$ cat upload.cif   # mmCIF, N, CA and C atoms
data_entry
#
loop_
_atom_site.group_PDB
_atom_site.id
_atom_site.type_symbol
_atom_site.label_atom_id
_atom_site.label_comp_id
_atom_site.auth_asym_id
_atom_site.auth_seq_id
_atom_site.Cartn_x
_atom_site.Cartn_y
_atom_site.Cartn_z
ATOM 1 N N MET Q 1449 -9.241 22.579 -29.881
ATOM 2 C CA MET Q 1449 -7.987 22.391 -29.183
ATOM 3 C C MET Q 1449 -8.074 21.207 -28.228
ATOM 4 N N LYS Q 1450 -6.942 20.504 -28.115
ATOM 5 C CA LYS Q 1450 -6.895 19.384 -27.190
ATOM 6 C C LYS Q 1450 -6.660 19.890 -25.764
ATOM 7 N N PRO Q 1451 -7.325 19.258 -24.799
ATOM 8 C CA PRO Q 1451 -7.049 19.654 -23.415
ATOM 9 C C PRO Q 1451 -5.652 19.185 -23.006
ATOM 10 N N LYS Q 1452 -5.037 19.944 -22.124
ATOM 11 C CA LYS Q 1452 -3.706 19.570 -21.656
ATOM 12 C C LYS Q 1452 -3.800 18.302 -20.826
ATOM 13 N N LYS Q 1453 -2.794 17.443 -20.995
ATOM 14 C CA LYS Q 1453 -2.756 16.225 -20.185
ATOM 15 C C LYS Q 1453 -2.290 16.573 -18.776
ATOM 16 N N GLU Q 1454 -2.965 16.011 -17.831
ATOM 17 C CA GLU Q 1454 -2.572 16.208 -16.440
ATOM 18 C C GLU Q 1454 -1.441 15.247 -16.117
ATOM 19 N N HIS Q 1455 -0.414 15.751 -15.506
ATOM 20 C CA HIS Q 1455 0.677 14.888 -15.075
ATOM 21 C C HIS Q 1455 0.259 14.202 -13.786
ATOM 22 N N TRP Q 1456 0.474 12.908 -13.741
ATOM 23 C CA TRP Q 1456 0.115 12.178 -12.531
ATOM 24 C C TRP Q 1456 1.270 12.256 -11.553
ATOM 25 N N ARG Q 1457 0.912 12.243 -10.328
ATOM 26 C CA ARG Q 1457 1.912 12.308 -9.276
ATOM 27 C C ARG Q 1457 2.033 10.949 -8.618
ATOM 28 N N LYS Q 1458 3.235 10.598 -8.295
ATOM 29 C CA LYS Q 1458 3.464 9.358 -7.582
ATOM 30 C C LYS Q 1458 2.920 9.517 -6.172
ATOM 31 N N LYS Q 1459 2.167 8.523 -5.718
ATOM 32 C CA LYS Q 1459 1.574 8.602 -4.391
ATOM 33 C C LYS Q 1459 2.665 8.525 -3.335
ATOM 34 N N SER Q 1460 2.598 9.390 -2.353
ATOM 35 C CA SER Q 1460 3.586 9.349 -1.283
ATOM 36 C C SER Q 1460 2.997 8.576 -0.107
ATOM 37 N N TYR Q 1461 3.833 7.791 0.514
ATOM 38 C CA TYR Q 1461 3.423 6.966 1.639
ATOM 39 C C TYR Q 1461 4.213 7.366 2.874
ATOM 40 N N GLN Q 1462 3.642 7.085 4.014
ATOM 41 C CA GLN Q 1462 4.382 7.277 5.248
ATOM 42 C C GLN Q 1462 5.262 6.060 5.471
ATOM 43 N N LYS Q 1463 6.355 6.245 6.191
ATOM 44 C CA LYS Q 1463 7.245 5.132 6.467
ATOM 45 C C LYS Q 1463 6.540 4.175 7.424
ATOM 46 N N ALA Q 1464 6.521 2.914 7.065
ATOM 47 C CA ALA Q 1464 5.838 1.904 7.875
ATOM 48 C C ALA Q 1464 6.756 1.438 9.005
ATOM 49 N N THR Q 1465 6.201 1.360 10.197
ATOM 50 C CA THR Q 1465 6.982 0.882 11.333
ATOM 51 C C THR Q 1465 7.037 -0.636 11.303
ATOM 52 N N LEU Q 1466 7.948 -1.191 12.044
ATOM 53 C CA LEU Q 1466 8.092 -2.640 12.118
ATOM 54 C C LEU Q 1466 6.818 -3.285 12.656
ATOM 55 N N GLU Q 1467 6.200 -2.655 13.639
ATOM 56 C CA GLU Q 1467 4.967 -3.197 14.218
ATOM 57 C C GLU Q 1467 3.857 -3.260 13.173
ATOM 58 N N THR Q 1468 3.756 -2.219 12.359
ATOM 59 C CA THR Q 1468 2.741 -2.185 11.310
ATOM 60 C C THR Q 1468 3.004 -3.276 10.285
ATOM 61 N N LYS Q 1469 4.256 -3.431 9.896
ATOM 62 C CA LYS Q 1469 4.610 -4.459 8.918
ATOM 63 C C LYS Q 1469 4.269 -5.851 9.439
ATOM 64 N N LEU Q 1470 4.587 -6.112 10.707
ATOM 65 C CA LEU Q 1470 4.290 -7.422 11.287
ATOM 66 C C LEU Q 1470 2.785 -7.661 11.378
ATOM 67 N N LEU Q 1471 2.033 -6.620 11.710
ATOM 68 C CA LEU Q 1471 0.575 -6.724 11.776
ATOM 69 C C LEU Q 1471 -0.002 -7.052 10.403
ATOM 70 N N VAL Q 1472 0.494 -6.371 9.378
ATOM 71 C CA VAL Q 1472 0.021 -6.598 8.009
ATOM 72 C C VAL Q 1472 0.325 -8.017 7.568
ATOM 73 N N VAL Q 1473 1.549 -8.469 7.805
ATOM 74 C CA VAL Q 1473 1.950 -9.829 7.408
ATOM 75 C C VAL Q 1473 1.081 -10.864 8.120
ATOM 76 N N ASP Q 1474 0.834 -10.659 9.399
ATOM 77 C CA ASP Q 1474 0.006 -11.590 10.165
ATOM 78 C C ASP Q 1474 -1.414 -11.660 9.600
ATOM 79 N N GLN Q 1475 -1.987 -10.515 9.263
ATOM 80 C CA GLN Q 1475 -3.345 -10.499 8.728
ATOM 81 C C GLN Q 1475 -3.413 -11.142 7.344
ATOM 82 N N ILE Q 1476 -2.376 -10.971 6.542
ATOM 83 C CA ILE Q 1476 -2.368 -11.576 5.211
ATOM 84 C C ILE Q 1476 -2.225 -13.089 5.325
ATOM 85 N N LEU Q 1477 -1.322 -13.541 6.181
ATOM 86 C CA LEU Q 1477 -1.117 -14.983 6.336
ATOM 87 C C LEU Q 1477 -2.336 -15.681 6.930
ATOM 88 N N ASN Q 1478 -3.093 -14.980 7.764
ATOM 89 C CA ASN Q 1478 -4.310 -15.557 8.351
ATOM 90 C C ASN Q 1478 -5.510 -15.452 7.410
ATOM 91 N N GLY Q 1479 -5.318 -14.822 6.259
ATOM 92 C CA GLY Q 1479 -6.400 -14.720 5.286
ATOM 93 C C GLY Q 1479 -7.404 -13.622 5.574
ATOM 94 N N GLN Q 1480 -7.086 -12.716 6.483
ATOM 95 C CA GLN Q 1480 -8.010 -11.646 6.823
ATOM 96 C C GLN Q 1480 -8.006 -10.542 5.770
ATOM 97 N N LEU Q 1481 -6.844 -10.318 5.144
ATOM 98 C CA LEU Q 1481 -6.713 -9.267 4.128
ATOM 99 C C LEU Q 1481 -5.915 -9.795 2.946
ATOM 100 N N SER Q 1482 -6.155 -9.214 1.777
ATOM 101 C CA SER Q 1482 -5.307 -9.494 0.621
ATOM 102 C C SER Q 1482 -4.188 -8.461 0.601
ATOM 103 N N ASN Q 1483 -3.218 -8.652 -0.269
ATOM 104 C CA ASN Q 1483 -2.123 -7.686 -0.379
ATOM 105 C C ASN Q 1483 -2.650 -6.295 -0.730
ATOM 106 N N ASN Q 1484 -3.573 -6.236 -1.683
ATOM 107 C CA ASN Q 1484 -4.113 -4.939 -2.099
ATOM 108 C C ASN Q 1484 -4.913 -4.273 -0.981
ATOM 109 N N GLN Q 1485 -5.709 -5.049 -0.282
ATOM 110 C CA GLN Q 1485 -6.504 -4.493 0.811
ATOM 111 C C GLN Q 1485 -5.602 -3.950 1.912
ATOM 112 N N ALA Q 1486 -4.561 -4.698 2.250
ATOM 113 C CA ALA Q 1486 -3.635 -4.269 3.297
ATOM 114 C C ALA Q 1486 -2.906 -3.003 2.876
ATOM 115 N N SER Q 1487 -2.525 -2.940 1.611
ATOM 116 C CA SER Q 1487 -1.831 -1.766 1.101
ATOM 117 C C SER Q 1487 -2.690 -0.519 1.255
ATOM 118 N N LYS Q 1488 -3.946 -0.627 0.914
ATOM 119 C CA LYS Q 1488 -4.850 0.524 1.011
ATOM 120 C C LYS Q 1488 -5.187 0.862 2.460
ATOM 121 N N LYS Q 1489 -5.439 -0.160 3.271
ATOM 122 C CA LYS Q 1489 -5.855 0.061 4.652
ATOM 123 C C LYS Q 1489 -4.757 0.724 5.485
ATOM 124 N N TYR Q 1490 -3.519 0.260 5.320
ATOM 125 C CA TYR Q 1490 -2.420 0.758 6.139
ATOM 126 C C TYR Q 1490 -1.546 1.775 5.423
ATOM 127 N N ASP Q 1491 -1.921 2.149 4.202
ATOM 128 C CA ASP Q 1491 -1.196 3.160 3.425
ATOM 129 C C ASP Q 1491 0.280 2.776 3.263
ATOM 130 N N ILE Q 1492 0.488 1.534 2.819
ATOM 131 C CA ILE Q 1492 1.821 0.995 2.567
ATOM 132 C C ILE Q 1492 1.868 0.584 1.104
ATOM 133 N N PRO Q 1493 2.981 0.814 0.408
ATOM 134 C CA PRO Q 1493 3.055 0.400 -0.998
ATOM 135 C C PRO Q 1493 2.868 -1.117 -1.152
ATOM 136 N N ARG Q 1494 2.243 -1.515 -2.255
ATOM 137 C CA ARG Q 1494 2.020 -2.942 -2.498
ATOM 138 C C ARG Q 1494 3.327 -3.713 -2.571
ATOM 139 N N THR Q 1495 4.365 -3.096 -3.113
ATOM 140 C CA THR Q 1495 5.644 -3.797 -3.198
ATOM 141 C C THR Q 1495 6.217 -4.090 -1.828
ATOM 142 N N THR Q 1496 6.016 -3.181 -0.884
ATOM 143 C CA THR Q 1496 6.471 -3.414 0.496
ATOM 144 C C THR Q 1496 5.682 -4.556 1.105
ATOM 145 N N VAL Q 1497 4.383 -4.572 0.866
ATOM 146 C CA VAL Q 1497 3.531 -5.623 1.422
ATOM 147 C C VAL Q 1497 3.932 -6.990 0.845
ATOM 148 N N SER Q 1498 4.139 -7.050 -0.446
ATOM 149 C CA SER Q 1498 4.479 -8.335 -1.047
ATOM 150 C C SER Q 1498 5.891 -8.788 -0.702
ATOM 151 N N TYR Q 1499 6.786 -7.823 -0.439
ATOM 152 C CA TYR Q 1499 8.156 -8.172 -0.067
ATOM 153 C C TYR Q 1499 8.177 -8.807 1.306
#
$ encode --input "upload.cif" --output "structure tokens"
Amino acid sequence: MKPKKEHWRKKSYQKATLETKLLVVDQILNGQLSNNQASKKYDIPRTTVSY
């Protein structure tokens, strides 16, 4: 018998504050973090970071 496929869940994020967004943008522009690193570190979706 085949094992049942596990359904993946969409990751839920906390709402990012304006201060957090500005901090992330500043760190990315200064070359301290990449988009992916910032997304993981601050628990913000990558699309929000790139936007």
$ select_by_dssp --input "upload.cif" --residues "chain Q" --states "helix (DSSP H, G or I)" --output "number ranges by chain"
Q: 1466-1477, 1483-1490, 1494-1498
$ resolve_selection --input "upload.cif" --expression "the PyMOL selection byres (((chain Q and resi 1462 and name CA) around 12) and name CA)" --output "compact mmCIF listing (two decimals) with N, CA and C atoms, in the frame of the given file"
# COMPACT_ATOMS: atom_id res chain seq x y z
N LYS Q 1459 2.17 8.52 -5.72
CA LYS Q 1459 1.57 8.60 -4.39
C LYS Q 1459 2.66 8.52 -3.34
N SER Q 1460 2.60 9.39 -2.35
CA SER Q 1460 3.59 9.35 -1.28
C SER Q 1460 3.00 8.58 -0.11
N TYR Q 1461 3.83 7.79 0.51
CA TYR Q 1461 3.42 6.97 1.64
C TYR Q 1461 4.21 7.37 2.87
N LYS Q 1463 6.36 6.24 6.19
CA LYS Q 1463 7.24 5.13 6.47
C LYS Q 1463 6.54 4.18 7.42
N ALA Q 1464 6.52 2.91 7.06
CA ALA Q 1464 5.84 1.90 7.88
C ALA Q 1464 6.76 1.44 9.01
N THR Q 1465 6.20 1.36 10.20
CA THR Q 1465 6.98 0.88 11.33
C THR Q 1465 7.04 -0.64 11.30
N THR Q 1468 3.76 -2.22 12.36
CA THR Q 1468 2.74 -2.18 11.31
C THR Q 1468 3.00 -3.28 10.28
N SER Q 1487 -2.52 -2.94 1.61
CA SER Q 1487 -1.83 -1.77 1.10
C SER Q 1487 -2.69 -0.52 1.25
N TYR Q 1490 -3.52 0.26 5.32
CA TYR Q 1490 -2.42 0.76 6.14
C TYR Q 1490 -1.55 1.78 5.42
N ASP Q 1491 -1.92 2.15 4.20
CA ASP Q 1491 -1.20 3.16 3.42
C ASP Q 1491 0.28 2.78 3.26
N ILE Q 1492 0.49 1.53 2.82
CA ILE Q 1492 1.82 1.00 2.57
C ILE Q 1492 1.87 0.58 1.10
N PRO Q 1493 2.98 0.81 0.41
CA PRO Q 1493 3.06 0.40 -1.00
C PRO Q 1493 2.87 -1.12 -1.15
N THR Q 1496 6.02 -3.18 -0.88
CA THR Q 1496 6.47 -3.41 0.50
C THR Q 1496 5.68 -4.56 1.10
$ atom_distance --input "upload.cif" --atom1 "atom N of Asn1478 of chain Q" --atom2 "atom C of Val1497 of chain Q"
12.7 Å
$ atom_distance --input "upload.cif" --atom1 "atom N of Lys1469 of chain Q" --atom2 "atom C of Ala1486 of chain Q"
10.0 Å
$ atom_distance --input "upload.cif" --atom1 "atom CA of Leu1477 of chain Q" --atom2 "atom CA of Ser1498 of chain Q"
11.4 Å
$ axis_aligned_box --input "upload.cif" --around "segment 1482-1495 of chain Q" --padding-each-side "4 Å" --output "lines of an AutoDock Vina configuration file"
center_x = -0.1
center_y = -3.2
center_z = 1.5
size_x = 20.7
size_y = 20.7
size_z = 17.3
$ closest_residue --input "upload.cif" --among "Q:Val1473, Q:Glu1467, Q:Gly1479, Q:His1455" --to "Tyr1499 of chain Q" --atoms "only C-alpha atoms"
Q:Val1473
$ decode --input "upload.cif" --residues "segment 1457-1472 of chain Q" --atoms "N, CA and C atoms" --output "PDB file, in the first residue's frame"
ATOM      1  N   ARG Q1457       0.952  22.679   4.740  1.00  0.00           N
ATOM      2  CA  ARG Q1457       0.238  23.844   5.231  1.00  0.00           C
ATOM      3  C   ARG Q1457       0.997  25.096   4.843  1.00  0.00           C
ATOM      4  N   LYS Q1458       0.261  26.099   4.488  1.00  0.00           N
ATOM      5  CA  LYS Q1458       0.872  27.375   4.178  1.00  0.00           C
ATOM      6  C   LYS Q1458       1.404  27.971   5.472  1.00  0.00           C
ATOM      7  N   LYS Q1459       2.639  28.454   5.431  1.00  0.00           N
ATOM      8  CA  LYS Q1459       3.245  29.012   6.631  1.00  0.00           C
ATOM      9  C   LYS Q1459       2.537  30.303   7.011  1.00  0.00           C
ATOM     10  N   SER Q1460       2.225  30.455   8.274  1.00  0.00           N
ATOM     11  CA  SER Q1460       1.582  31.685   8.718  1.00  0.00           C
ATOM     12  C   SER Q1460       2.651  32.614   9.287  1.00  0.00           C
ATOM     13  N   TYR Q1461       2.497  33.877   8.997  1.00  0.00           N
ATOM     14  CA  TYR Q1461       3.444  34.888   9.442  1.00  0.00           C
ATOM     15  C   TYR Q1461       2.731  35.888  10.336  1.00  0.00           C
ATOM     16  N   GLN Q1462       3.500  36.531  11.173  1.00  0.00           N
ATOM     17  CA  GLN Q1462       2.948  37.621  11.957  1.00  0.00           C
ATOM     18  C   GLN Q1462       2.954  38.874  11.101  1.00  0.00           C
ATOM     19  N   LYS Q1463       2.053  39.796  11.395  1.00  0.00           N
ATOM     20  CA  LYS Q1463       1.998  41.033  10.637  1.00  0.00           C
ATOM     21  C   LYS Q1463       3.238  41.858  10.971  1.00  0.00           C
ATOM     22  N   ALA Q1464       3.926  42.302   9.946  1.00  0.00           N
ATOM     23  CA  ALA Q1464       5.159  43.068  10.134  1.00  0.00           C
ATOM     24  C   ALA Q1464       4.822  44.538  10.384  1.00  0.00           C
ATOM     25  N   THR Q1465       5.470  45.112  11.378  1.00  0.00           N
ATOM     26  CA  THR Q1465       5.252  46.525  11.668  1.00  0.00           C
ATOM     27  C   THR Q1465       6.068  47.369  10.702  1.00  0.00           C
ATOM     28  N   LEU Q1466       5.738  48.622  10.617  1.00  0.00           N
ATOM     29  CA  LEU Q1466       6.455  49.541   9.742  1.00  0.00           C
ATOM     30  C   LEU Q1466       7.926  49.633  10.139  1.00  0.00           C
ATOM     31  N   GLU Q1467       8.194  49.644  11.432  1.00  0.00           N
ATOM     32  CA  GLU Q1467       9.579  49.725  11.909  1.00  0.00           C
ATOM     33  C   GLU Q1467      10.382  48.510  11.458  1.00  0.00           C
ATOM     34  N   THR Q1468       9.768  47.338  11.533  1.00  0.00           N
ATOM     35  CA  THR Q1468      10.440  46.113  11.109  1.00  0.00           C
ATOM     36  C   THR Q1468      10.716  46.153   9.614  1.00  0.00           C
ATOM     37  N   LYS Q1469       9.738  46.592   8.844  1.00  0.00           N
ATOM     38  CA  LYS Q1469       9.911  46.673   7.395  1.00  0.00           C
ATOM     39  C   LYS Q1469      11.046  47.624   7.031  1.00  0.00           C
ATOM     40  N   LEU Q1470      11.099  48.779   7.695  1.00  0.00           N
ATOM     41  CA  LEU Q1470      12.160  49.745   7.411  1.00  0.00           C
ATOM     42  C   LEU Q1470      13.529  49.198   7.803  1.00  0.00           C
ATOM     43  N   LEU Q1471      13.590  48.478   8.915  1.00  0.00           N
ATOM     44  CA  LEU Q1471      14.842  47.862   9.356  1.00  0.00           C
ATOM     45  C   LEU Q1471      15.322  46.834   8.338  1.00  0.00           C
ATOM     46  N   VAL Q1472      14.401  46.012   7.853  1.00  0.00           N
ATOM     47  CA  VAL Q1472      14.740  44.982   6.866  1.00  0.00           C
ATOM     48  C   VAL Q1472      15.244  45.616   5.584  1.00  0.00           C
TER      49      VAL Q1472
END
